[in-house]
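What follows is the content of start-v6.txt, which has compact mmCIF, C-alpha atoms:
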# COMPACT_ATOMS: atom_id res chain seq x y z
CA MET A 1 74.89 83.15 94.21
CA PHE A 2 75.15 84.23 97.79
CA GLU A 3 77.11 86.97 99.53
CA GLY A 4 77.75 88.36 102.98
CA ILE A 5 75.86 85.53 104.66
CA ALA A 6 75.90 85.64 108.45
CA ALA A 7 73.98 83.35 110.76
CA VAL A 8 73.68 83.20 114.52
CA ARG A 9 72.69 79.83 115.97
CA ALA A 10 72.12 79.43 119.70
CA GLU A 11 73.74 82.84 120.36
CA ARG A 12 76.88 81.76 118.51
CA LEU A 13 77.99 83.38 115.26
CA VAL A 14 78.29 80.35 112.98
CA LEU A 15 78.67 82.04 109.63
CA ALA A 16 80.06 85.52 108.98
CA GLY A 17 80.66 87.21 105.65
CA ILE A 18 80.32 84.00 103.68
CA GLY A 19 79.99 84.42 99.94
CA GLY A 20 80.22 82.21 96.92
CA GLY A 21 78.50 81.27 93.77
CA VAL A 22 77.63 78.50 91.44
CA GLY A 23 76.32 78.83 87.92
CA ARG A 24 74.48 76.47 85.60
CA GLY A 25 76.51 73.33 85.12
CA GLY A 26 78.65 74.25 88.11
CA ALA A 27 79.26 72.66 91.47
CA LEU A 28 80.33 73.97 94.83
CA LEU A 29 81.74 71.79 97.56
CA LEU A 30 81.37 73.02 101.14
CA ARG A 31 84.14 71.83 103.39
CA GLY A 32 84.96 72.30 107.03
CA ALA A 33 85.06 70.51 110.34
CA ASN A 34 81.91 69.62 112.28
CA GLY A 35 80.00 72.65 113.46
CA THR A 36 81.47 75.13 110.98
CA GLY A 37 78.06 75.87 109.53
CA LYS A 38 77.86 73.72 106.40
CA SER A 39 74.35 72.51 107.19
CA THR A 40 73.30 75.98 108.31
CA LEU A 41 74.51 77.47 105.03
CA LEU A 42 72.66 74.82 103.02
CA ARG A 43 69.43 75.49 104.95
CA ILE A 44 69.87 79.21 104.27
CA LEU A 45 70.37 78.54 100.56
CA ALA A 46 67.26 76.34 100.59
CA GLY A 47 65.30 79.22 102.10
CA LEU A 48 64.41 77.18 105.19
CA LEU A 49 66.45 79.39 107.49
CA ARG A 50 66.59 83.16 107.28
CA PRO A 51 70.18 84.48 107.31
CA ASP A 52 70.86 87.20 109.87
CA ALA A 53 72.68 89.12 107.13
CA GLY A 54 73.46 88.73 103.46
CA ARG A 55 71.51 87.84 100.36
CA VAL A 56 70.89 84.77 98.26
CA ALA A 57 69.86 84.78 94.60
CA TRP A 58 69.52 82.40 91.68
CA ASP A 59 69.37 83.51 88.04
CA GLY A 60 69.05 87.10 89.19
CA GLU A 61 66.02 86.35 91.38
CA ALA A 62 66.62 87.07 95.05
CA LEU A 63 65.35 84.72 97.74
CA GLU A 64 62.34 86.48 99.16
CA ASP A 65 59.40 84.20 99.75
CA LEU A 66 59.60 80.46 100.06
CA PRO A 67 56.91 79.26 97.61
CA SER A 68 58.49 81.03 94.62
CA TRP A 69 62.04 80.21 95.73
CA SER A 70 61.17 76.53 96.08
CA ARG A 71 60.88 76.27 92.28
CA HIS A 72 64.65 76.71 92.10
CA VAL A 73 65.92 74.40 94.81
CA ALA A 74 65.84 70.74 95.76
CA TYR A 75 67.14 70.07 99.26
CA VAL A 76 68.46 66.84 100.74
CA GLY A 77 69.21 67.23 104.43
CA HIS A 78 70.46 64.88 107.13
CA LEU A 79 66.95 63.59 107.70
CA ASP A 80 65.47 61.28 105.10
CA ALA A 81 61.77 62.26 105.45
CA LEU A 82 60.68 58.69 104.69
CA LYS A 83 57.53 57.48 106.43
CA PRO A 84 58.04 53.88 107.64
CA GLY A 85 54.45 52.85 106.90
CA LEU A 86 54.44 54.00 103.27
CA THR A 87 56.06 52.12 100.41
CA VAL A 88 59.08 53.62 98.68
CA ALA A 89 56.92 54.71 95.73
CA GLU A 90 54.26 56.24 98.02
CA ASN A 91 56.96 58.09 99.91
CA LEU A 92 58.32 59.70 96.77
CA ARG A 93 55.18 60.33 94.72
CA PRO A 94 53.97 63.57 96.42
CA TRP A 95 57.32 65.25 95.82
CA SER A 96 57.20 64.75 92.07
CA HIS A 97 57.17 68.11 90.29
CA GLU A 98 54.18 67.10 88.17
CA ALA A 99 51.24 65.31 89.70
CA GLY A 100 50.81 61.69 88.67
CA HIS A 101 54.37 61.44 87.39
CA ALA A 102 55.67 57.85 87.54
CA VAL A 103 58.30 57.46 90.24
CA GLU A 104 59.70 54.14 88.99
CA PRO A 105 62.21 55.66 86.50
CA ALA A 106 63.55 57.90 89.25
CA LEU A 107 63.98 54.92 91.56
CA ALA A 108 65.73 53.00 88.77
CA VAL A 109 68.35 55.77 88.57
CA MET A 110 69.43 54.84 92.11
CA GLY A 111 68.96 51.10 91.52
CA LEU A 112 65.88 50.84 93.74
CA GLU A 113 63.39 49.35 91.26
CA PRO A 114 63.07 46.04 93.19
CA LEU A 115 62.00 47.99 96.29
CA VAL A 116 59.23 50.13 94.76
CA ALA A 117 56.42 48.44 96.70
CA VAL A 118 58.38 47.77 99.90
CA PRO A 119 57.42 49.79 103.00
CA ALA A 120 60.23 52.15 103.93
CA ARG A 121 60.65 50.61 107.41
CA PHE A 122 62.29 47.56 105.81
CA LEU A 123 64.99 49.61 104.08
CA SER A 124 68.61 49.64 105.16
CA ALA A 125 70.38 52.93 105.87
CA GLY A 126 71.99 52.92 102.43
CA GLN A 127 68.73 52.10 100.69
CA ARG A 128 66.98 54.91 102.56
CA ARG A 129 69.66 57.33 101.43
CA ARG A 130 69.26 56.15 97.85
CA ALA A 131 65.49 56.67 98.03
CA VAL A 132 66.11 60.21 99.26
CA LEU A 133 68.50 60.87 96.39
CA ALA A 134 65.98 59.44 93.92
CA ARG A 135 63.68 62.27 95.07
CA LEU A 136 66.10 64.68 93.38
CA VAL A 137 65.36 63.04 90.03
CA LEU A 138 61.64 63.81 90.47
CA SER A 139 62.32 67.46 91.19
CA ALA A 140 62.50 69.91 88.32
CA ALA A 141 64.60 72.36 90.35
CA PRO A 142 67.94 73.40 88.86
CA LEU A 143 69.82 73.98 92.12
CA TRP A 144 70.45 70.85 94.19
CA LEU A 145 71.52 71.37 97.81
CA LEU A 146 72.96 68.21 99.30
CA ASP A 147 73.91 67.78 102.95
CA GLU A 148 76.21 64.77 103.33
CA PRO A 149 74.69 62.94 100.36
CA THR A 150 77.20 60.10 100.50
CA ASN A 151 76.36 58.94 104.03
CA ALA A 152 75.77 55.18 104.21
CA LEU A 153 76.27 54.71 100.45
CA ASP A 154 78.29 51.77 99.15
CA ALA A 155 80.71 52.05 96.23
CA ALA A 156 78.14 51.09 93.59
CA SER A 157 75.62 53.63 94.89
CA LEU A 158 78.34 56.26 95.08
CA ALA A 159 79.02 55.69 91.37
CA ARG A 160 75.29 56.08 90.69
CA LEU A 161 75.23 59.34 92.62
CA GLU A 162 78.24 60.63 90.70
CA ALA A 163 76.55 59.77 87.41
CA LEU A 164 73.33 61.43 88.58
CA LEU A 165 75.13 64.63 89.56
CA ALA A 166 77.12 64.68 86.32
CA ALA A 167 73.94 64.27 84.26
CA HIS A 168 72.22 67.03 86.23
CA ARG A 169 75.11 69.41 85.59
CA ASP A 170 75.26 68.48 81.91
CA ALA A 171 71.58 69.40 81.68
CA GLY A 172 72.35 72.86 83.05
CA GLY A 173 71.73 72.20 86.74
CA ALA A 174 73.96 73.16 89.63
CA VAL A 175 75.00 71.32 92.78
CA VAL A 176 76.04 72.62 96.19
CA ALA A 177 77.14 69.79 98.46
CA ALA A 178 78.56 69.55 101.96
CA THR A 179 80.60 66.47 102.59
CA HIS A 180 83.48 65.06 104.60
CA GLN A 181 84.19 62.39 102.03
CA ASP A 182 86.08 62.86 98.82
CA PHE A 183 83.65 62.02 96.15
CA VAL A 184 83.97 62.94 92.59
CA LEU A 185 82.40 66.24 91.68
CA PRO A 186 84.74 67.16 88.80
CA GLY A 187 85.61 70.80 88.43
CA ALA A 188 83.82 71.77 91.62
CA ALA A 189 84.79 74.97 93.36
CA THR A 190 85.53 74.54 97.05
CA LEU A 191 84.39 76.77 99.88
CA GLU A 192 86.30 76.21 103.12
CA LEU A 193 84.27 77.10 106.20
CA ALA A 194 86.49 77.83 109.16
CA GLY A 195 83.79 78.35 111.78
CA MET B 1 49.85 69.38 94.85
CA PHE B 2 47.49 70.04 97.78
CA GLY B 3 45.29 67.09 96.87
CA GLU B 4 48.24 64.73 96.49
CA LEU B 5 49.66 65.81 99.86
CA LEU B 6 46.27 65.52 101.58
CA ARG B 7 45.81 62.00 100.18
CA ARG B 8 49.24 61.17 101.58
CA GLU B 9 48.31 62.57 105.01
CA LEU B 10 45.14 60.48 105.05
CA ARG B 11 46.96 57.37 103.86
CA LEU B 12 49.51 57.88 106.65
CA GLY B 13 46.72 58.42 109.16
CA LEU B 14 45.00 55.20 108.12
CA ARG B 15 48.24 53.19 108.02
CA HIS B 16 49.12 54.44 111.51
CA ALA B 17 45.54 54.38 112.75
CA ALA B 18 46.60 54.05 116.40
CA ASP B 19 46.61 57.85 116.92
CA SER B 20 43.05 58.33 115.67
CA VAL B 21 41.76 55.27 117.47
CA ALA B 22 43.47 56.37 120.69
CA ALA B 23 41.75 59.77 120.48
CA LEU B 24 38.37 58.07 119.98
CA LEU B 25 38.90 55.68 122.88
CA PHE B 26 40.06 58.57 125.05
CA PHE B 27 36.84 60.42 124.12
CA ALA B 28 34.70 57.42 125.10
CA VAL B 29 36.60 56.77 128.34
CA VAL B 30 36.46 60.41 129.50
CA ALA B 31 32.72 60.51 128.76
CA ALA B 32 32.22 57.20 130.59
CA LEU B 33 33.95 58.54 133.71
CA PHE B 34 31.38 61.29 134.28
CA PRO B 35 28.47 59.03 135.32
CA LEU B 36 30.85 57.39 137.81
CA GLY B 37 31.72 60.82 139.18
CA VAL B 38 28.27 62.43 139.39
CA GLY B 39 26.10 59.35 139.94
CA PRO B 40 23.84 57.35 137.61
CA GLU B 41 20.68 59.46 137.88
CA PRO B 42 19.15 59.33 134.29
CA LYS B 43 17.64 62.83 134.30
CA LEU B 44 20.92 64.38 135.46
CA LEU B 45 22.91 62.43 132.85
CA ALA B 46 20.54 63.48 130.04
CA ARG B 47 21.02 67.11 131.14
CA ILE B 48 24.83 67.08 131.39
CA GLY B 49 25.32 64.75 128.38
CA PRO B 50 25.92 67.44 125.72
CA GLY B 51 28.35 69.31 127.98
CA VAL B 52 30.26 66.13 128.76
CA ILE B 53 30.48 65.29 125.06
CA TRP B 54 31.81 68.77 124.31
CA VAL B 55 34.47 68.65 127.03
CA ALA B 56 35.52 65.12 126.08
CA ALA B 57 35.71 66.04 122.38
CA LEU B 58 37.80 69.09 123.23
CA LEU B 59 40.29 67.00 125.22
CA ALA B 60 40.38 64.17 122.67
CA ALA B 61 40.99 66.56 119.76
CA ILE B 62 44.14 67.81 121.49
CA LEU B 63 45.70 64.34 121.82
CA PRO B 64 46.99 63.96 118.23
CA LEU B 65 48.16 67.58 117.91
CA ASP B 66 51.55 66.77 119.38
CA ARG B 67 52.37 64.60 116.36
CA LEU B 68 50.65 66.86 113.80
CA PHE B 69 53.89 68.68 112.99
CA GLY B 70 56.14 66.91 115.51
CA ALA B 71 56.55 63.73 113.49
CA ASP B 72 57.25 65.69 110.30
CA ALA B 73 59.71 67.99 112.05
CA GLU B 74 61.64 65.01 113.43
CA ASP B 75 62.00 63.13 110.15
CA GLY B 76 62.58 66.11 107.86
CA THR B 77 59.22 65.97 106.08
CA LEU B 78 58.40 69.48 107.32
CA ASP B 79 61.30 70.86 105.25
CA LEU B 80 59.92 69.15 102.16
CA LEU B 81 56.42 70.45 102.85
CA LEU B 82 57.75 74.00 103.16
CA LEU B 83 59.68 73.53 99.88
CA SER B 84 56.73 71.89 98.13
CA GLY B 85 55.65 75.19 96.60
CA LEU B 86 52.66 75.55 98.91
CA PRO B 87 52.77 78.74 100.99
CA PRO B 88 53.39 78.00 104.70
CA ALA B 89 49.76 78.88 105.44
CA GLY B 90 48.79 76.30 102.80
CA VAL B 91 50.82 73.67 104.67
CA ALA B 92 48.88 74.65 107.82
CA ILE B 93 45.53 74.30 106.00
CA LEU B 94 46.67 70.88 104.77
CA LYS B 95 47.42 69.79 108.34
CA ALA B 96 44.18 71.26 109.71
CA CYS B 97 42.19 69.36 107.06
CA ALA B 98 44.03 66.15 107.90
CA HIS B 99 43.45 66.66 111.63
CA TRP B 100 39.73 67.26 111.11
CA LEU B 101 39.25 64.30 108.77
CA LEU B 102 41.24 61.93 111.00
CA THR B 103 40.10 63.20 114.44
CA GLY B 104 37.28 65.77 114.22
CA LEU B 105 35.00 63.81 111.91
CA PRO B 106 35.43 60.49 113.81
CA LEU B 107 34.67 62.34 117.06
CA LEU B 108 31.52 63.74 115.49
CA LEU B 109 30.44 60.20 114.56
CA ALA B 110 31.42 58.78 117.95
CA SER B 111 29.32 61.38 119.76
CA GLY B 112 26.23 59.41 118.65
CA PRO B 113 26.81 56.32 120.81
CA VAL B 114 27.98 58.48 123.72
CA ALA B 115 24.82 60.61 123.48
CA ILE B 116 22.70 57.43 123.58
CA MET B 117 24.71 56.31 126.62
CA PHE B 118 23.75 59.55 128.39
CA GLY B 119 20.13 59.37 127.21
CA VAL B 120 20.32 62.70 125.37
CA ALA B 121 16.96 63.38 123.64
CA PRO B 122 16.86 63.58 119.80
CA ALA B 123 16.24 67.36 119.65
CA PRO B 124 19.25 68.46 121.73
CA PHE B 125 21.34 65.73 120.05
CA ARG B 126 20.58 67.20 116.62
CA VAL B 127 21.67 70.64 117.83
CA LEU B 128 24.70 69.10 119.53
CA LEU B 129 25.81 67.68 116.17
CA LEU B 130 25.06 70.98 114.41
CA GLY B 131 27.32 72.67 116.96
CA LEU B 132 30.06 70.04 116.88
CA LEU B 133 30.43 70.36 113.10
CA PRO B 134 31.77 73.95 113.14
CA GLY B 135 33.15 73.39 116.66
CA THR B 136 35.50 70.55 115.68
CA LEU B 137 36.58 72.53 112.61
CA VAL B 138 37.51 75.47 114.86
CA LEU B 139 39.35 73.08 117.18
CA SER B 140 41.35 71.69 114.24
CA LEU B 141 42.28 75.20 113.12
CA LEU B 142 43.22 76.43 116.62
CA GLY B 143 45.06 73.19 117.29
CA THR B 144 47.05 73.48 114.08
CA ALA B 145 48.14 77.00 114.98
CA ALA B 146 49.17 75.88 118.48
CA ALA B 147 50.95 72.79 117.14
CA ALA B 148 52.89 74.96 114.69
CA LEU B 149 53.92 77.25 117.54
CA VAL B 150 55.38 74.46 119.66
CA VAL B 151 57.28 72.70 116.82
CA GLY B 152 60.78 72.13 118.07
CA ALA B 153 59.95 73.24 121.61
CA ARG B 154 60.83 70.91 124.42
CA ARG B 155 57.78 69.67 126.33
CA GLY B 156 55.56 70.83 123.46
CA GLY B 157 53.03 68.17 124.43
CA VAL B 158 52.47 69.87 127.79
CA LEU B 159 52.24 73.35 126.25
CA LEU B 160 49.61 72.34 123.69
CA PRO B 161 46.59 71.95 126.01
CA LEU B 162 47.59 75.14 127.83
CA LEU B 163 47.55 77.01 124.52
CA VAL B 164 44.46 75.44 122.96
CA LEU B 165 42.04 74.98 125.86
CA PRO B 166 41.71 78.67 126.87
CA LEU B 167 41.24 79.64 123.21
CA ALA B 168 38.64 76.91 122.78
CA THR B 169 36.42 78.02 125.69
CA PRO B 170 34.13 80.22 123.50
CA VAL B 171 33.51 77.17 121.31
CA LEU B 172 32.63 75.08 124.35
CA ILE B 173 30.33 77.75 125.81
CA MET B 174 28.42 78.31 122.55
CA GLY B 175 28.16 74.60 121.79
CA THR B 176 26.69 73.72 125.20
CA LEU B 177 24.44 76.81 125.19
CA ALA B 178 22.90 75.66 121.91
CA ALA B 179 22.31 72.11 123.15
CA GLU B 180 20.86 73.39 126.44
CA ALA B 181 18.53 75.74 124.54
CA ALA B 182 17.33 72.83 122.39
CA ARG B 183 16.69 70.74 125.52
CA THR B 184 14.50 73.43 127.08
CA ALA B 185 12.86 74.19 123.69
CA ALA B 186 14.31 77.73 123.75
CA PRO B 187 15.64 79.38 120.54
CA ASP B 188 18.98 77.78 119.72
CA ALA B 189 19.99 79.67 116.57
CA ALA B 190 22.09 82.41 118.18
CA PRO B 191 24.83 80.23 119.75
CA LEU B 192 25.05 78.15 116.55
CA LEU B 193 25.50 81.32 114.52
CA VAL B 194 28.24 82.46 116.92
CA LEU B 195 29.98 79.10 116.34
CA GLY B 196 29.76 79.75 112.60
CA ALA B 197 31.23 83.20 113.16
CA LEU B 198 34.10 81.72 115.18
CA LEU B 199 34.78 79.35 112.30
CA ALA B 200 34.74 82.24 109.84
CA LEU B 201 37.21 84.07 112.08
CA CYS B 202 39.57 81.12 112.56
CA ALA B 203 39.54 79.88 108.96
CA PRO B 204 41.76 82.67 107.62
CA PHE B 205 43.69 83.70 110.74
CA CYS B 206 44.76 80.36 112.21
CA PRO B 207 46.51 79.13 109.01
CA ILE B 208 48.28 82.48 108.61
CA ALA B 209 49.49 82.37 112.22
CA ALA B 210 50.50 78.72 111.87
CA GLY B 211 52.35 79.44 108.63
CA ALA B 212 54.30 82.27 110.24
CA ALA B 213 55.19 79.98 113.17
CA LEU B 214 56.36 77.24 110.78
CA ARG B 215 58.65 79.68 108.96
CA GLN B 216 60.28 80.51 112.31
CA SER B 217 60.83 76.90 113.29
CA GLY B 218 63.53 76.19 110.69

Rendering of file as structure tokens:
Amino acid sequence: MFEGIAAVRAERLVLAGIGGGVGRGGALLLRGANGTGKSTLLRILAGLLRPDAGRVAWDGEALEDLPSWSRHVAYVGHLDALKPGLTVAENLRPWSHEAGHAVEPALAVMGLEPLVAVPARFLSAGQRRRAVLARLVLSAAPLWLLDEPTNALDAASLARLEALLAAHRDAGGAVVAATHQDFVLPGAATLELAG
Amino acid sequence: MFGELLRRELRLGLRHAADSVAALLFFAVVAALFPLGVGPEPKLLARIGPGVIWVAALLAAILPLDRLFGADAEDGTLDLLLLSGLPPAGVAILKACAHWLLTGLPLLLASGPVAIMFGVAPAPFRVLLLGLLPGTLVLSLLGTAAAALVVGARRGGVLLPLLVLPLATPVLIMGTLAAEAARTAAPDAAPLLVLGALLALCAPFCPIAAGAALRQSG
């Protein structure tokens, strides 16, 4: 749930009076041309960027400090945060919500089980993206914030992502995604950002 | 969470050991340049040895700071760290620990061979190590705060020494005072205690400052 969001980036008003909401099981699709503030809005919802006006809340709890807010959100940005020298499993393990949790099942969800022990520098762009999305499975956060999640994904991986998002929503989670591509997020509300 | 992330930092540091090794080599090369500059007179070298080791350690500790948050900011890991549930100051403590274990501690160990090279006597060398232990910890803490401040800034690598070196001068002064006192058999406890006090001052304040800077960088 967010309302009256305004953000100034590089002395330019990117977002003004933006409001919207998504409940458990819901989905919100952010649309708009390049530079209309989709990524900025997602970073604000993640708590990484402070809005210049407006408020953000989830389940009645307002976004105030980052450590307690971070229980609610899982964020996938443009950057994949994979270290080239670490294997895929080593890259994902620290982000698991419970220490020592096995990462292999999460990787299997995105069809990455053959690459568990492969250093991330050998991954293709699509495989990197899938590893990043597998991180979502490890998170226990209900609200997923996805910035261009479909970049570099092939059709099979796209189907996996759709299944993953559907399962997350069935389990009571919510998804906010910014994307240029039409990918299936059934019943999603749409927020047009005009810039 | 903290332990898992620290293990990851150390694993990364060992996998990409070039940064740590470069800092150590830089330390040795800087120290080796001094005899060429001031002449090879053994008594002079034994006298300036502790000071040279301190200055070289100070400069070498700054080398990896550029990448301390820079690499994580570039590849998006910093966002994940901030969303890991650790408070921002906790992320700073994590990075300071990693910096000390991967740079401070190796410098401490490398000061042994360099001290032998300068012919530093055992008594001042012992005090030199006693001073370097809190001294390198303070450098890691100050360096982390400075590195957090310059995240996302252009030319951050140039800003870092300008931020850290002036703040580190008390550490340098106290460390060399202690070693000089030990060399002349004067009481050396006071400067070492001041180093401990500096550490006690930096331990809470530097992570808080670094955490606040990290929150602004998003």

I'd like the neighbourhood of Leu167 (chain B) as a JSON list (two decimals) with C-alpha atoms, in the coordinates of the input, where a residue qualifies if any of its atoms comes within 10 Å (using all atoms listed in the file), though same-chain residues fewer than 5 positions away should be ignored.
[["chain", "number", "residue", "atom", "x", "y", "z"],
["B", 139, "LEU", "CA", 39.35, 73.08, 117.18],
["B", 142, "LEU", "CA", 43.22, 76.43, 116.62],
["B", 143, "GLY", "CA", 45.06, 73.19, 117.29],
["B", 146, "ALA", "CA", 49.17, 75.88, 118.48],
["B", 161, "PRO", "CA", 46.59, 71.95, 126.01],
["B", 162, "LEU", "CA", 47.59, 75.14, 127.83],
["B", 172, "LEU", "CA", 32.63, 75.08, 124.35]]

What lies within 9 Å of region 12-28 of chain A using all atoms listed in the file, ignoring chain neighbours under 3 positions off, as a ChimeraX atom specification? /A:1-9,35-38,40-41,53-54,58-59,142-143,166,168-178,185-191,193-195

For a quick test of understanding: name the residues of chain A lying within 9 Å of chain B when counting all atoms listed in the file, and present them as a compact mmCIF listing (two decimals) with C-alpha atoms, keeping the file's coordinate frame.
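The resulting part_5.txt:
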# COMPACT_ATOMS: atom_id res chain seq x y z
CA ARG A 43 69.43 75.49 104.95
CA ALA A 46 67.26 76.34 100.59
CA GLY A 47 65.30 79.22 102.10
CA LEU A 48 64.41 77.18 105.19
CA LEU A 49 66.45 79.39 107.49
CA ARG A 50 66.59 83.16 107.28
CA ASP A 65 59.40 84.20 99.75
CA LEU A 66 59.60 80.46 100.06
CA PRO A 67 56.91 79.26 97.61
CA SER A 68 58.49 81.03 94.62
CA TRP A 69 62.04 80.21 95.73
CA SER A 70 61.17 76.53 96.08
CA ARG A 71 60.88 76.27 92.28
CA VAL A 73 65.92 74.40 94.81
CA ALA A 74 65.84 70.74 95.76
CA TYR A 75 67.14 70.07 99.26
CA VAL A 76 68.46 66.84 100.74
CA GLY A 77 69.21 67.23 104.43
CA HIS A 78 70.46 64.88 107.13
CA LEU A 79 66.95 63.59 107.70
CA ASP A 80 65.47 61.28 105.10
CA ALA A 81 61.77 62.26 105.45
CA LEU A 82 60.68 58.69 104.69
CA LYS A 83 57.53 57.48 106.43
CA GLY A 85 54.45 52.85 106.90
CA LEU A 86 54.44 54.00 103.27
CA GLU A 90 54.26 56.24 98.02
CA ASN A 91 56.96 58.09 99.91
CA ARG A 93 55.18 60.33 94.72
CA PRO A 94 53.97 63.57 96.42
CA TRP A 95 57.32 65.25 95.82
CA HIS A 97 57.17 68.11 90.29
CA GLU A 98 54.18 67.10 88.17
CA ALA A 99 51.24 65.31 89.70
CA GLY A 100 50.81 61.69 88.67

Distance cut-off 12 Å, centre (23.1, 55.7, 123.9) in file coordinates, counting all atoms listed in the file: which residues qualify? Return them as a PyMOL selection string. chain B and resi 28+31-32+42+45-46+49+110-122+125

Please provide the set of residues having any atom within 9 Å of region 195-207 of chain B, restricted to only C-alpha atoms, with same-chain residues fewer than 4 positions apart removed, written as a VMD selection string. chain B and resid 88 to 93 96 131 134 to 135 137 to 138 141 to 146 170 to 171 174 to 175 190 to 191 211 to 212

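When all atoms listed in the file are used to compute distances to Gly104 (chain B), the closest of the residues B:Val164, B:Leu192, B:Ala153, B:Leu24 turns out to be B:Leu24.
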
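In this model, the gap between CA of His180 (chain A) and CA of Thr150 (chain A) comes to 9.0 Å.
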
Ranking B:Gly157, B:Val21, B:Leu101, B:Leu130 by minimum distance to Ala178 (chain B) and counting only C-alpha atoms, which one comes first? B:Leu130

For a test of reading the model, state the distance in Å between CA of Arg55 (chain A) and CA of Trp144 (chain A), rounded to one decimal. 18.1 Å

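CA of Ala152 (chain A) is found 17.3 Å from CA of Val109 (chain A).
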
Starting from the point (45.5, 59.4, 115.7), work out which residues of protein, DNA or RNA have an atom no more than 9 Å away when counting all atoms listed in the file; state them as a ChimeraX atom specification. /B:13-14,16-24,63-65,67,99,102-103

Would you fill the gaps in region 130-141 of chain B so it has N, CA and C atoms, then print it as a short mmCIF file (atom, residue, chain, number, x, y, z; two decimals), in the coordinates of the input?
data_model
loop_
_atom_site.label_atom_id
_atom_site.label_comp_id
_atom_site.auth_asym_id
_atom_site.auth_seq_id
_atom_site.Cartn_x
_atom_site.Cartn_y
_atom_site.Cartn_z
N LEU B 130 24.95 69.74 115.20
CA LEU B 130 25.06 70.98 114.41
C LEU B 130 26.13 71.90 114.99
N GLY B 131 26.29 71.86 116.33
CA GLY B 131 27.32 72.67 116.96
C GLY B 131 28.69 72.05 116.84
N LEU B 132 28.75 70.72 116.94
CA LEU B 132 30.06 70.04 116.88
C LEU B 132 30.70 70.17 115.50
N LEU B 133 29.87 70.27 114.46
CA LEU B 133 30.43 70.36 113.10
C LEU B 133 31.33 71.58 112.96
N PRO B 134 30.82 72.83 113.19
CA PRO B 134 31.77 73.95 113.14
C PRO B 134 32.75 73.92 114.31
N GLY B 135 32.30 73.40 115.47
CA GLY B 135 33.15 73.39 116.66
C GLY B 135 34.42 72.58 116.45
N THR B 136 34.30 71.36 115.89
CA THR B 136 35.50 70.55 115.68
C THR B 136 36.39 71.18 114.61
N LEU B 137 35.77 71.84 113.62
CA LEU B 137 36.58 72.53 112.61
C LEU B 137 37.42 73.64 113.26
N VAL B 138 36.77 74.40 114.16
CA VAL B 138 37.51 75.47 114.86
C VAL B 138 38.63 74.86 115.69
N LEU B 139 38.32 73.73 116.36
CA LEU B 139 39.35 73.08 117.18
C LEU B 139 40.54 72.65 116.32
N SER B 140 40.27 72.11 115.13
CA SER B 140 41.35 71.69 114.24
C SER B 140 42.21 72.88 113.84
N LEU B 141 41.54 74.01 113.55
CA LEU B 141 42.28 75.20 113.12
C LEU B 141 43.11 75.78 114.27
#
